[in-house]
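The data block below is protein_37.cif; it holds mmCIF, C-alpha atoms and all ligand atoms.
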data_model
loop_
_atom_site.label_atom_id
_atom_site.label_comp_id
_atom_site.auth_asym_id
_atom_site.auth_seq_id
_atom_site.Cartn_x
_atom_site.Cartn_y
_atom_site.Cartn_z
CA MET F 108 42.73 -32.78 -65.11
CA ARG F 109 44.92 -35.88 -65.15
CA THR F 110 43.22 -37.06 -61.98
CA ASN F 111 39.70 -36.38 -60.81
CA ILE F 112 40.09 -33.65 -58.20
CA VAL F 113 36.40 -33.32 -57.36
CA HIS F 114 35.46 -34.47 -53.85
CA GLU F 115 32.95 -37.35 -53.77
CA GLY F 116 30.65 -35.20 -51.64
CA ALA F 117 30.93 -32.02 -53.72
CA ASP F 118 27.29 -32.17 -54.87
CA GLU F 119 26.05 -32.44 -51.28
CA LEU F 120 27.19 -28.96 -50.26
CA THR F 121 24.09 -26.79 -50.49
CA TYR F 122 22.94 -23.93 -48.27
CA GLU F 123 19.74 -22.43 -49.60
CA ILE F 124 19.53 -19.95 -46.68
CA ARG F 125 22.25 -17.98 -48.45
CA GLY F 126 21.69 -19.45 -51.92
CA ILE F 127 18.38 -17.61 -52.23
CA VAL F 128 20.25 -14.31 -51.76
CA ARG F 129 21.49 -14.43 -55.38
CA VAL F 130 17.91 -14.06 -56.65
CA ALA F 131 17.05 -11.48 -53.98
CA GLU F 132 20.04 -9.32 -54.99
CA LYS F 133 18.99 -9.45 -58.64
CA LEU F 134 15.43 -8.48 -57.72
CA ARG F 135 16.82 -5.61 -55.70
CA GLU F 136 18.70 -4.40 -58.78
CA LEU F 137 15.36 -4.52 -60.59
CA GLY F 138 13.85 -2.20 -57.98
CA ILE F 139 12.20 -4.62 -55.53
CA ASP F 140 12.51 -3.72 -51.84
CA ILE F 141 13.57 -6.99 -50.14
CA VAL F 142 12.33 -8.01 -46.68
CA TRP F 143 15.08 -10.40 -45.51
CA GLU F 144 13.39 -13.33 -43.81
CA ASN F 145 15.94 -15.92 -44.83
CA ILE F 146 18.77 -15.81 -42.32
CA GLY F 147 18.80 -16.36 -38.56
CA ASP F 148 20.87 -13.30 -37.67
CA PRO F 149 19.16 -11.24 -34.93
CA ILE F 150 21.61 -8.39 -35.45
CA ALA F 151 20.86 -8.11 -39.17
CA LYS F 152 17.15 -7.90 -38.28
CA GLY F 153 17.70 -4.96 -35.96
CA GLU F 154 17.97 -6.51 -32.47
CA ARG F 155 20.02 -4.18 -30.30
CA VAL F 156 22.93 -5.52 -28.28
CA PRO F 157 22.52 -4.24 -24.69
CA GLU F 158 25.04 -1.59 -23.69
CA TRP F 159 26.28 -3.70 -20.76
CA ILE F 160 27.30 -6.50 -23.18
CA LYS F 161 29.06 -3.97 -25.43
CA ASP F 162 30.88 -2.61 -22.36
CA ILE F 163 32.10 -6.08 -21.42
CA VAL F 164 33.36 -6.73 -24.96
CA ALA F 165 35.04 -3.30 -25.13
CA GLU F 166 36.73 -3.80 -21.75
CA THR F 167 37.84 -7.30 -22.74
CA MET F 168 39.34 -5.93 -25.93
CA ARG F 169 41.47 -3.50 -23.90
CA ASP F 170 43.37 -6.55 -22.64
CA ASP F 171 46.18 -7.34 -25.11
CA ALA F 172 45.55 -11.05 -24.47
CA SER F 173 42.39 -10.74 -26.56
CA PHE F 174 44.57 -10.06 -29.62
CA GLY F 175 46.62 -13.22 -29.16
CA TYR F 176 46.17 -16.90 -29.88
CA SER F 177 44.38 -18.90 -27.19
CA PRO F 178 44.96 -22.50 -26.09
CA THR F 179 43.77 -25.01 -28.72
CA LYS F 180 40.92 -26.33 -26.59
CA GLY F 181 39.91 -22.81 -25.61
CA VAL F 182 40.54 -20.21 -22.89
CA ALA F 183 40.81 -22.08 -19.58
CA ALA F 184 38.54 -19.63 -17.69
CA ALA F 185 35.78 -20.03 -20.32
CA ARG F 186 35.94 -23.83 -20.12
CA ALA F 187 35.97 -23.76 -16.30
CA PHE F 188 32.94 -21.42 -16.37
CA ILE F 189 30.95 -23.80 -18.62
CA ALA F 190 31.85 -26.85 -16.52
CA ALA F 191 30.82 -25.03 -13.32
CA GLU F 192 27.51 -24.01 -14.92
CA ARG F 193 26.71 -27.65 -15.82
CA LEU F 194 27.39 -28.70 -12.22
CA ARG F 195 25.40 -25.84 -10.71
CA GLU F 196 22.37 -25.99 -13.03
CA SER F 197 22.14 -29.72 -13.85
CA ASP F 198 24.33 -31.48 -11.30
CA VAL F 199 26.34 -32.87 -14.22
CA THR F 200 30.10 -33.32 -14.04
CA LEU F 201 31.90 -32.11 -17.15
CA ASP F 202 35.69 -32.07 -17.26
CA PRO F 203 36.82 -28.68 -18.67
CA ASP F 204 39.32 -30.71 -20.69
CA ASP F 205 36.37 -32.26 -22.54
CA ILE F 206 35.32 -28.87 -23.92
CA LEU F 207 36.69 -27.79 -27.28
CA PHE F 208 36.13 -24.34 -28.77
CA PHE F 209 35.53 -23.68 -32.47
CA ASN F 210 35.13 -20.71 -34.78
CA GLY F 211 31.36 -20.91 -34.50
CA LEU F 212 29.35 -24.11 -34.61
CA GLY F 213 29.60 -24.08 -38.40
CA ASP F 214 33.29 -24.89 -37.91
CA ALA F 215 32.52 -27.51 -35.23
CA ILE F 216 29.94 -29.23 -37.47
CA SER F 217 32.38 -29.36 -40.35
CA ILE F 218 35.17 -30.90 -38.26
CA VAL F 219 32.89 -33.35 -36.43
CA TYR F 220 31.78 -34.95 -39.72
CA THR F 221 35.03 -34.53 -41.66
CA TYR F 222 36.98 -36.56 -39.11
CA LEU F 223 34.41 -39.29 -38.75
CA ARG F 224 35.35 -42.52 -40.53
CA ARG F 225 34.01 -42.31 -44.09
CA SER F 226 31.70 -45.32 -43.77
CA ALA F 227 30.24 -44.30 -40.40
CA ARG F 228 26.95 -42.44 -40.74
CA VAL F 229 25.07 -40.05 -38.45
CA ILE F 230 21.31 -40.11 -38.92
CA GLY F 231 19.67 -36.71 -38.56
CA PRO F 232 16.26 -35.03 -38.50
CA CYS F 233 14.26 -34.23 -41.63
CA PRO F 234 13.74 -31.31 -42.23
CA ALA F 235 17.35 -30.61 -41.30
CA TYR F 236 19.55 -27.59 -40.73
CA PRO F 237 21.59 -27.84 -43.94
CA THR F 238 25.03 -27.32 -42.38
CA HIS F 239 24.59 -30.67 -40.60
CA SER F 240 22.91 -32.58 -43.42
CA SER F 241 25.30 -31.28 -46.09
CA ALA F 242 28.45 -31.81 -44.03
CA GLU F 243 27.41 -35.33 -43.04
CA ALA F 244 26.48 -36.21 -46.61
CA ALA F 245 29.70 -34.72 -47.99
CA HIS F 246 31.78 -36.71 -45.52
CA ALA F 247 30.11 -39.92 -46.68
CA GLY F 248 29.86 -38.98 -50.37
CA ALA F 249 26.21 -40.08 -50.20
CA PRO F 250 22.86 -38.49 -49.29
CA HIS F 251 22.25 -37.78 -45.62
CA ILE F 252 20.22 -40.48 -43.84
CA THR F 253 17.29 -38.95 -42.01
CA TYR F 254 14.49 -39.61 -39.55
CA THR F 255 11.17 -37.86 -39.89
CA LEU F 256 9.97 -34.91 -37.86
CA GLU F 257 6.20 -35.08 -38.16
CA CYS F 258 4.59 -31.80 -39.12
CA LEU F 259 1.15 -33.12 -38.12
CA LYS F 260 2.42 -33.98 -34.65
CA ASN F 261 4.07 -30.74 -33.56
CA TRP F 262 7.19 -31.71 -35.53
CA TYR F 263 8.05 -34.38 -32.95
CA PRO F 264 10.46 -37.06 -34.23
CA ASN F 265 9.09 -40.41 -35.35
CA LEU F 266 10.82 -42.77 -32.90
CA GLU F 267 9.77 -45.86 -34.85
CA ASP F 268 11.51 -44.40 -37.91
CA ILE F 269 14.71 -43.80 -35.92
CA ARG F 270 14.62 -47.29 -34.46
CA ASN F 271 14.05 -48.98 -37.83
CA LYS F 272 16.73 -47.01 -39.66
CA VAL F 273 19.22 -47.75 -36.89
CA ARG F 274 18.26 -51.43 -36.75
CA TYR F 275 18.50 -52.07 -40.49
CA ASN F 276 21.52 -49.91 -41.27
CA PRO F 277 24.61 -51.10 -39.43
CA LEU F 278 26.62 -48.17 -40.82
CA VAL F 279 24.64 -45.78 -38.62
CA ALA F 280 27.05 -44.93 -35.80
CA GLY F 281 25.37 -41.87 -34.38
CA ILE F 282 22.10 -39.94 -34.04
CA LEU F 283 21.90 -36.18 -34.45
CA ILE F 284 19.43 -34.15 -32.43
CA ILE F 285 18.95 -30.43 -33.04
CA ASN F 286 17.28 -29.27 -29.86
CA PRO F 287 15.69 -26.73 -30.05
CA ASP F 288 15.30 -27.38 -33.73
CA ASN F 289 16.02 -25.30 -36.78
CA PRO F 290 13.95 -24.94 -39.03
CA THR F 291 10.88 -26.12 -37.08
CA GLY F 292 11.29 -24.46 -33.66
CA MET F 293 10.37 -27.79 -32.06
CA VAL F 294 11.71 -28.75 -28.63
CA TYR F 295 12.39 -32.46 -28.14
CA PRO F 296 10.22 -33.62 -25.20
CA LYS F 297 12.20 -35.21 -22.36
CA ARG F 298 10.52 -38.61 -22.86
CA VAL F 299 11.51 -38.55 -26.56
CA LEU F 300 15.10 -37.69 -25.66
CA LYS F 301 15.16 -40.58 -23.20
CA GLU F 302 13.92 -42.93 -25.94
CA ILE F 303 16.64 -41.74 -28.32
CA VAL F 304 19.24 -42.25 -25.60
CA SER F 305 17.97 -45.79 -25.04
CA ILE F 306 18.19 -46.54 -28.80
CA ALA F 307 21.79 -45.28 -28.74
CA ARG F 308 22.50 -47.43 -25.69
CA GLU F 309 20.92 -50.54 -27.23
CA TYR F 310 22.79 -50.26 -30.54
CA GLY F 311 26.13 -48.86 -29.30
CA LEU F 312 25.78 -45.43 -30.95
CA PHE F 313 26.96 -41.97 -30.00
CA LEU F 314 24.77 -38.88 -29.94
CA VAL F 315 25.30 -35.38 -31.28
CA SER F 316 23.03 -32.73 -29.79
CA ASP F 317 23.16 -29.29 -31.37
CA GLU F 318 21.81 -27.01 -28.63
CA THR F 319 22.70 -23.66 -30.12
CA TYR F 320 19.20 -22.36 -29.23
CA ALA F 321 19.19 -23.95 -25.74
CA ARG F 322 18.18 -20.82 -23.84
CA LEU F 323 15.70 -19.66 -26.48
CA SER F 324 12.73 -21.88 -25.72
CA TYR F 325 9.44 -20.26 -24.78
CA GLY F 326 6.71 -22.82 -25.37
CA ARG F 327 4.97 -25.41 -23.21
CA GLU F 328 7.77 -27.93 -23.71
CA LYS F 329 10.73 -27.18 -21.45
CA MET F 330 14.08 -27.65 -23.20
CA THR F 331 16.00 -30.57 -21.68
CA PRO F 332 19.74 -30.54 -22.36
CA LEU F 333 21.01 -33.92 -23.53
CA TYR F 334 23.53 -34.18 -20.68
CA GLU F 335 20.65 -34.36 -18.21
CA VAL F 336 19.38 -37.64 -19.70
CA ILE F 337 22.39 -39.54 -21.12
CA GLY F 338 23.43 -41.08 -17.83
CA ASP F 339 27.04 -42.14 -17.41
CA ASP F 340 27.36 -44.53 -20.33
CA VAL F 341 26.16 -43.14 -23.70
CA PRO F 342 28.92 -41.17 -25.48
CA ALA F 343 27.75 -37.77 -26.68
CA ILE F 344 28.77 -34.46 -28.16
CA VAL F 345 26.76 -31.41 -27.13
CA MET F 346 27.15 -28.24 -29.23
CA ARG F 347 26.62 -24.77 -27.81
CA GLY F 348 27.53 -21.26 -28.96
CA LEU F 349 27.26 -17.50 -28.55
CA SER F 350 25.72 -16.73 -31.97
CA LYS F 351 22.05 -16.95 -31.11
CA GLU F 352 21.91 -16.51 -27.35
CA VAL F 353 23.98 -13.36 -26.79
CA PRO F 354 23.30 -12.75 -29.80
CA TRP F 355 26.77 -12.47 -31.35
CA PRO F 356 26.92 -14.47 -34.60
CA GLY F 357 29.88 -12.40 -35.78
CA SER F 358 31.96 -13.63 -32.83
CA ARG F 359 32.29 -17.00 -34.60
CA CYS F 360 32.38 -18.69 -31.23
CA GLY F 361 30.90 -22.08 -30.42
CA TRP F 362 32.08 -25.14 -28.56
CA ILE F 363 31.49 -28.84 -28.10
CA GLU F 364 31.16 -30.65 -24.78
CA VAL F 365 32.16 -34.30 -24.90
CA TYR F 366 30.33 -36.62 -22.48
CA ASN F 367 31.15 -40.20 -21.48
CA LYS F 368 34.23 -40.11 -23.69
CA ASP F 369 36.00 -42.92 -21.91
CA ARG F 370 33.06 -45.32 -21.98
CA ASP F 371 34.11 -46.41 -25.45
CA PRO F 372 37.73 -46.52 -26.67
CA MET F 373 36.73 -45.87 -30.29
CA PHE F 374 34.70 -42.83 -29.30
CA ALA F 375 37.63 -41.61 -27.15
CA ARG F 376 39.95 -41.95 -30.17
CA TYR F 377 37.46 -40.07 -32.35
CA ALA F 378 37.18 -37.29 -29.74
CA LYS F 379 40.99 -37.04 -29.66
CA THR F 380 40.98 -36.69 -33.46
CA LEU F 381 38.77 -33.61 -33.13
CA VAL F 382 41.28 -32.01 -30.74
CA ASP F 383 44.17 -32.98 -33.04
CA ALA F 384 42.35 -31.43 -36.02
CA LYS F 385 41.80 -28.21 -34.07
CA THR F 386 45.47 -28.22 -33.05
CA LEU F 387 46.42 -28.01 -36.74
CA GLU F 388 44.35 -24.81 -36.91
CA VAL F 389 46.07 -23.62 -33.68
CA CYS F 390 42.98 -22.25 -31.90
CA SER F 391 39.63 -20.48 -32.23
CA THR F 392 38.67 -16.80 -31.83
CA THR F 393 40.05 -15.51 -28.51
CA LEU F 394 38.05 -12.33 -27.71
CA PRO F 395 34.59 -13.94 -27.37
CA GLN F 396 35.99 -16.72 -25.18
CA LEU F 397 37.50 -14.14 -22.82
CA ALA F 398 34.20 -12.24 -22.71
CA LEU F 399 31.99 -15.35 -22.33
CA PRO F 400 32.15 -15.84 -18.52
CA ARG F 401 31.47 -12.16 -17.93
CA ILE F 402 28.51 -12.02 -20.35
CA ILE F 403 26.78 -15.29 -19.47
CA GLY F 404 27.72 -14.98 -15.80
CA ASP F 405 26.27 -11.47 -15.56
CA PRO F 406 23.09 -11.23 -13.43
CA ARG F 407 21.46 -9.28 -16.31
CA PHE F 408 21.93 -12.10 -18.84
CA ALA F 409 18.91 -14.22 -17.88
CA GLY F 410 16.58 -11.21 -18.02
CA HIS F 411 18.00 -10.17 -21.38
CA VAL F 412 17.34 -13.64 -22.83
CA ARG F 413 13.85 -13.77 -21.28
CA LEU F 414 12.91 -10.46 -22.87
CA ARG F 415 13.99 -11.72 -26.28
CA THR F 416 12.22 -15.10 -26.04
CA GLU F 417 9.06 -13.35 -24.86
CA GLY F 418 9.19 -11.31 -28.07
CA TYR F 419 9.63 -14.45 -30.19
CA ARG F 420 6.72 -16.13 -28.42
CA LYS F 421 4.42 -13.21 -29.17
CA LYS F 422 5.47 -13.15 -32.82
CA ALA F 423 5.02 -16.93 -33.09
CA ASP F 424 1.45 -16.49 -31.76
CA THR F 425 0.79 -13.67 -34.22
CA ALA F 426 2.00 -15.79 -37.14
CA ARG F 427 0.11 -18.89 -35.97
CA ALA F 428 -3.14 -16.96 -35.71
CA VAL F 429 -2.76 -15.99 -39.38
CA PHE F 430 -1.25 -19.15 -40.91
CA SER F 431 -3.57 -21.58 -39.11
CA LYS F 432 -6.56 -20.03 -40.92
CA ILE F 433 -5.20 -20.70 -44.41
CA PRO F 434 -6.71 -23.80 -46.02
CA GLY F 435 -4.14 -26.24 -47.40
CA VAL F 436 -1.25 -25.39 -45.08
CA ILE F 437 0.08 -26.97 -41.91
CA ALA F 438 1.70 -24.50 -39.53
CA PRO F 439 2.56 -25.99 -36.12
CA CYS F 440 3.42 -23.22 -33.68
CA PRO F 441 7.14 -23.19 -32.80
CA GLU F 442 8.14 -23.58 -29.14
CA SER F 443 11.64 -22.16 -29.37
CA SER F 444 14.34 -20.46 -31.44
CA PHE F 445 13.23 -17.81 -33.92
CA TYR F 446 11.91 -19.66 -36.95
CA TYR F 447 8.48 -20.53 -38.25
CA SER F 448 8.10 -23.33 -40.81
CA VAL F 449 4.94 -23.67 -42.86
CA VAL F 450 4.12 -26.78 -44.92
CA PHE F 451 1.80 -27.05 -47.93
CA GLU F 452 -0.50 -30.06 -47.80
CA ASP F 453 -0.17 -32.74 -50.47
CA ARG F 454 -1.06 -31.64 -54.00
CA VAL F 455 -1.72 -28.01 -52.96
CA LEU F 456 1.25 -26.87 -55.05
CA ASN F 457 1.68 -27.63 -58.72
CA GLY F 458 4.25 -26.49 -61.24
CA GLU F 459 1.90 -23.96 -62.86
CA GLN F 460 0.86 -21.53 -60.12
CA THR F 461 1.94 -17.90 -60.24
CA LEU F 462 1.47 -14.54 -58.57
CA PRO F 463 0.71 -11.33 -60.45
CA ILE F 464 3.87 -9.28 -61.11
CA SER F 465 3.28 -5.92 -62.75
CA ASP F 466 6.87 -5.03 -63.76
CA PRO F 467 7.63 -6.91 -67.01
CA ALA F 468 11.41 -7.06 -66.31
CA VAL F 469 10.81 -8.64 -62.89
CA ARG F 470 8.25 -11.04 -64.34
CA GLU F 471 10.56 -12.14 -67.14
CA TYR F 472 13.45 -12.64 -64.74
CA ILE F 473 11.45 -14.74 -62.28
CA GLU F 474 9.88 -16.82 -65.06
CA ARG F 475 13.41 -17.78 -66.10
CA GLU F 476 14.45 -18.52 -62.51
CA VAL F 477 11.53 -20.88 -61.75
CA ALA F 478 12.39 -23.24 -64.60
CA GLY F 479 13.05 -26.70 -63.19
CA VAL F 480 12.92 -25.73 -59.49
CA SER F 481 11.01 -27.62 -56.76
CA PRO F 482 7.34 -26.59 -56.23
CA ASP F 483 8.08 -24.85 -52.93
CA LYS F 484 11.00 -22.91 -54.36
CA ARG F 485 8.71 -21.82 -57.19
CA PHE F 486 6.33 -20.38 -54.58
CA VAL F 487 9.21 -18.72 -52.70
CA LEU F 488 10.53 -17.09 -55.88
CA TYR F 489 7.12 -15.78 -56.90
CA LEU F 490 6.53 -14.54 -53.35
CA MET F 491 9.80 -12.63 -53.47
CA ALA F 492 9.15 -11.14 -56.91
CA ALA F 493 5.57 -10.14 -56.07
CA THR F 494 6.01 -8.91 -52.47
CA GLY F 495 9.76 -8.59 -51.80
CA VAL F 496 9.56 -11.08 -48.90
CA CYS F 497 12.58 -13.41 -48.98
CA VAL F 498 11.95 -16.72 -47.15
CA VAL F 499 13.70 -20.09 -47.57
CA PRO F 500 11.98 -23.04 -49.30
CA LEU F 501 11.74 -26.08 -47.01
CA SER F 502 13.33 -28.15 -49.80
CA GLY F 503 16.52 -26.29 -48.81
CA PHE F 504 16.35 -28.21 -45.52
CA ASN F 505 16.91 -31.65 -46.99
CA THR F 506 13.22 -32.59 -47.09
CA ASP F 507 10.56 -33.46 -49.66
CA LEU F 508 7.95 -31.57 -47.63
CA PRO F 509 6.99 -28.50 -49.65
CA GLY F 510 6.92 -25.33 -47.59
CA PHE F 511 9.01 -22.44 -46.39
CA ARG F 512 10.75 -21.06 -43.31
CA MET F 513 10.52 -17.48 -42.14
CA THR F 514 12.04 -15.93 -39.01
CA LEU F 515 10.53 -14.33 -35.90
CA LEU F 516 13.35 -11.81 -35.78
CA GLU F 517 11.78 -8.63 -37.12
CA SER F 518 12.04 -6.21 -34.20
CA ASP F 519 9.32 -3.90 -35.52
CA VAL F 520 6.15 -5.73 -34.47
CA LYS F 521 3.95 -3.87 -37.00
CA LYS F 522 6.35 -4.69 -39.82
CA PHE F 523 6.38 -8.33 -38.68
CA LYS F 524 2.57 -8.56 -38.79
CA ASN F 525 2.59 -6.85 -42.16
CA THR F 526 5.09 -9.41 -43.53
CA VAL F 527 3.02 -12.32 -42.18
CA ASP F 528 -0.12 -10.84 -43.78
CA LYS F 529 1.69 -10.37 -47.10
CA ILE F 530 2.82 -14.01 -47.05
CA ALA F 531 -0.65 -15.25 -46.10
CA SER F 532 -2.37 -13.30 -48.84
CA ALA F 533 0.27 -14.46 -51.37
CA ILE F 534 -0.36 -18.10 -50.36
CA ARG F 535 -4.11 -17.69 -50.89
CA ARG F 536 -3.65 -16.10 -54.30
CA TYR F 537 -0.92 -18.48 -55.41
CA VAL F 538 -2.70 -21.74 -54.58
CA THR F 539 -5.90 -20.62 -56.32
CA SER F 540 -4.11 -19.15 -59.36
CA CYS F 541 -4.55 -22.40 -61.30
C1 LIG C 601 21.02 -25.49 -35.47
C2 LIG C 601 22.20 -24.63 -35.79
N1 LIG C 601 23.43 -25.08 -35.51
C3 LIG C 601 24.51 -24.35 -35.80
C4 LIG C 601 24.41 -23.12 -36.40
C5 LIG C 601 25.66 -22.36 -36.74
O1 LIG C 601 25.91 -21.41 -35.77
P1 LIG C 601 27.29 -20.64 -35.65
O2 LIG C 601 26.98 -19.20 -35.85
O3 LIG C 601 27.76 -20.94 -34.26
O4 LIG C 601 28.23 -21.18 -36.69
C6 LIG C 601 23.15 -22.60 -36.72
C7 LIG C 601 23.00 -21.31 -37.41
O5 LIG C 601 21.96 -20.90 -37.87
C8 LIG C 601 22.01 -23.38 -36.41
O6 LIG C 601 20.77 -22.97 -36.69
#

What is this structure when it is put down as structure tokens?
Amino acid sequence: MRTNIVHEGADELTYEIRGIVRVAEKLRELGIDIVWENIGDPIAKGERVPEWIKDIVAETMRDDASFGYSPTKGVAAARAFIAAERLRESDVTLDPDDILFFNGLGDAISIVYTYLRRSARVIGPCPAYPTHSSAEAAHAGAPHITYTLECLKNWYPNLEDIRNKVRYNPLVAGILIINPDNPTGMVYPKRVLKEIVSIAREYGLFLVSDETYARLSYGREKMTPLYEVIGDDVPAIVMRGLSKEVPWPGSRCGWIEVYNKDRDPMFARYAKTLVDAKTLEVCSTTLPQLALPRIIGDPRFAGHVRLRTEGYRKKADTARAVFSKIPGVIAPCPESSFYYSVVFEDRVLNGEQTLPISDPAVREYIEREVAGVSPDKRFVLYLMAATGVCVVPLSGFNTDLPGFRMTLLESDVKKFKNTVDKIASAIRRYVTSC
């Protein structure tokens, strides 16, 4: 090429949640039955969509309007519904004009960082959901700047770390919160959120709060939406969507809510850029926006969500009971969403451990695949080859902590327990193999 056409952030774009599928597919060809524990798709794991939700979607589709473009910011009735919900449930005023729909939050995340000034950085949690950390790093052409979630303290964020990184790095313009969190299942306590808001206030930062799992908390810590604690001065973007809560990940429907936009002219200009960028794309998926007020506004919705979260809570307890007994691992019980992250203590993993694999073709393949990978990915690959269970190494979540993430999505409770037991016994054998 006459000119270098490679984006400065090209090396930052990694998504191990799907990356690991390449190896799983190959193992499947070699005869291994894969248990997919890598991706957070309730539908793929067998959760049934209630008939009443299907009826609403089918009826909505009968309206020709659902086949057309929608307004750039989103269907007016959907935005009015969300604004009314904020007022009713939290006494928070949100102008429907400050809501902007996207083709899923993946699209929102990409646009939010792409149209941020190159030098402006958003500091995010570590471990981190890779769509955020990769998109932010790619926008800057430099590694994502992170604050620590402490696995020995229920995965709560280290506030001192946030404060120091903000204080000593003037390029930090914003703080990202993923609440409830993926991959840890942690819920940010209200007092922690208030502290983060006060750091933002003190240093003139904006906040991004990804709340895609907002209704899926089930632990002791009640989920507090950011808009309940930001007051009327700290600029913020709250992200919500239909993927996990309905669940309807295939709808590709998520939105951002912009708070305190006019408290800072630069933030207001940035927020306008996001609308302008969406305008170039015309609009986002219409059908789910038309169905949204009828689904979320339905009296059956709360009960439907409660039933699901109750199931996740039980599975989290089942997994905790097993993982907490394994020496050498840290496994804080999640309080929300449908993930469980397990960390190996320092020096528990080395680059030599293995699991017995009887099929020579599978063994040869995996021995090639583990060359040069991180210690936790080595464990994950051996686990998959030996048991068929496909989890995601924690190193795929922009962290040095060795570990893995599984889901709490398996609808067959016996199968779930069986998978947890398989993982636990593999950990025991692996760490003592040499
Ligand atoms: C924290 C978080 N944000 C955003 C997304 C993307 O969701 P969507 O399906 O709306 O693109 C996910 C998906 O797993 C997620 O875990």

Set the cut-off to 7 Å, count only C-alpha atoms and all ligand atoms, and list whatever residues fall near ligand LIG 601 (chain C) as a compact mmCIF listing (two decimals) with C-alpha atoms, in the frame of the given file.
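So result_39.txt came out as:
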# COMPACT_ATOMS: atom_id res chain seq x y z
CA GLY F 147 18.80 -16.36 -38.56
CA GLY F 211 31.36 -20.91 -34.50
CA LEU F 212 29.35 -24.11 -34.61
CA GLY F 213 29.60 -24.08 -38.40
CA ASP F 214 33.29 -24.89 -37.91
CA TYR F 236 19.55 -27.59 -40.73
CA ILE F 285 18.95 -30.43 -33.04
CA ASP F 288 15.30 -27.38 -33.73
CA ASN F 289 16.02 -25.30 -36.78
CA ASP F 317 23.16 -29.29 -31.37
CA THR F 319 22.70 -23.66 -30.12
CA GLY F 348 27.53 -21.26 -28.96
CA LEU F 349 27.26 -17.50 -28.55
CA SER F 350 25.72 -16.73 -31.97
CA PRO F 356 26.92 -14.47 -34.60
CA ARG F 359 32.29 -17.00 -34.60
CA CYS F 360 32.38 -18.69 -31.23
CA GLY F 361 30.90 -22.08 -30.42

Residues around (13.3, -34.7, -26.2), cut-off 9 Å, counting all atoms listed in the file - what are they as a list of chain:residue names? F:Tyr263, F:Pro264, F:Ile284, F:Asn286, F:Val294, F:Tyr295, F:Pro296, F:Lys297, F:Arg298, F:Val299, F:Leu300, F:Lys301, F:Glu302, F:Ile303, F:Met330, F:Thr331, F:Pro332, F:Leu333

Quote the spacing between CA of Glu257 (chain F) and CA of Arg512 (chain F) in Å to one decimal place.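 CA of Arg512 (chain F) lies at a distance of 15.6 Å from CA of Glu257 (chain F).
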
Across F:Glu442, F:Asp340, F:Asp424, F:Asp483, the smallest distance to Arg322 (chain F), with all atoms listed in the file counted, is shown by F:Glu442

Give me the residues within 7 Å of Ser518 (chain F) as number ranges by chain, counting only C-alpha atoms and dropping any in the same chain fewer than 4 places off. F: 152-154

Quick one: residues within 10 Å of Ala531 (chain F), only C-alpha atoms counted, chain neighbours fewer than 2 positions away excluded, as a list of chain:residue names? F:Ala426, F:Val429, F:Phe430, F:Ser431, F:Lys432, F:Ile433, F:Asn525, F:Thr526, F:Val527, F:Asp528, F:Lys529, F:Ala533, F:Ile534, F:Arg535, F:Arg536, F:Tyr537

Tell me which protein, DNA and RNA residues are within 12 Å of Asp148 (chain F), counting all atoms listed in the file, leaving out same-chain ones fewer than 6 positions away, and put them as a ChimeraX atom specification. /F:124-125,154-155,349-357,444-446,514-518

I need the residue nearest Ala191 (chain F) from this list: F:Ser240, F:Arg135, F:Tyr254, F:Pro203. Use all atoms listed in the file for the distance.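 Closest candidate: F:Pro203.
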
Name the closest residue to Ile530 (chain F) among the candidates F:Val113, F:Leu501, F:Ile230, F:Val449; distances are taken between atoms, counting all atoms listed in the file.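 Under the stated criterion, the closest residue is F:Val449.
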
For Gly435 (chain F): contacts at 9 Å, only C-alpha atoms, fewer than 6 positions along chain excluded, given as a PDB file with C-alpha atoms, keeping the file's coordinate frame:
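Okay, around_29.pdb is ready:
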ATOM      1  CA  VAL F 450       4.120 -26.780 -44.920  1.00  0.00           C
ATOM      2  CA  PHE F 451       1.800 -27.050 -47.930  1.00  0.00           C
ATOM      3  CA  GLU F 452      -0.500 -30.060 -47.800  1.00  0.00           C
ATOM      4  CA  ASP F 453      -0.170 -32.740 -50.470  1.00  0.00           C
ATOM      5  CA  VAL F 455      -1.720 -28.010 -52.960  1.00  0.00           C
ATOM      6  CA  VAL F 538      -2.700 -21.740 -54.580  1.00  0.00           C
TER       7      VAL F 538
END

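One finds CA of Glu144 (chain F) at 16.5 Å from CA of Arg485 (chain F).
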
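CA of Glu158 (chain F) sits 26.1 Å away from CA of Glu318 (chain F).
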
Pick from F:Leu394, F:Ile216, F:Met373, F:Ile252 nearest to Ile344 (chain F), counting all atoms listed in the file: F:Ile216

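The point (27.0, -45.9, -17.1) has these residues within 12 Å of it, counting all atoms listed in the file: F:Arg308, F:Val336, F:Ile337, F:Gly338, F:Asp339, F:Asp340, F:Val341, F:Pro342, F:Tyr366, F:Asn367, F:Lys368, F:Asp369, F:Arg370, F:Asp371.
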
Take the residues just selected and output them with C-alpha atoms as a compact mmCIF listing (two decimals), keeping the file's coordinate frame.
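What ended up in part-v7.txt:
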# COMPACT_ATOMS: atom_id res chain seq x y z
CA ARG F 308 22.50 -47.43 -25.69
CA VAL F 336 19.38 -37.64 -19.70
CA ILE F 337 22.39 -39.54 -21.12
CA GLY F 338 23.43 -41.08 -17.83
CA ASP F 339 27.04 -42.14 -17.41
CA ASP F 340 27.36 -44.53 -20.33
CA VAL F 341 26.16 -43.14 -23.70
CA PRO F 342 28.92 -41.17 -25.48
CA TYR F 366 30.33 -36.62 -22.48
CA ASN F 367 31.15 -40.20 -21.48
CA LYS F 368 34.23 -40.11 -23.69
CA ASP F 369 36.00 -42.92 -21.91
CA ARG F 370 33.06 -45.32 -21.98
CA ASP F 371 34.11 -46.41 -25.45
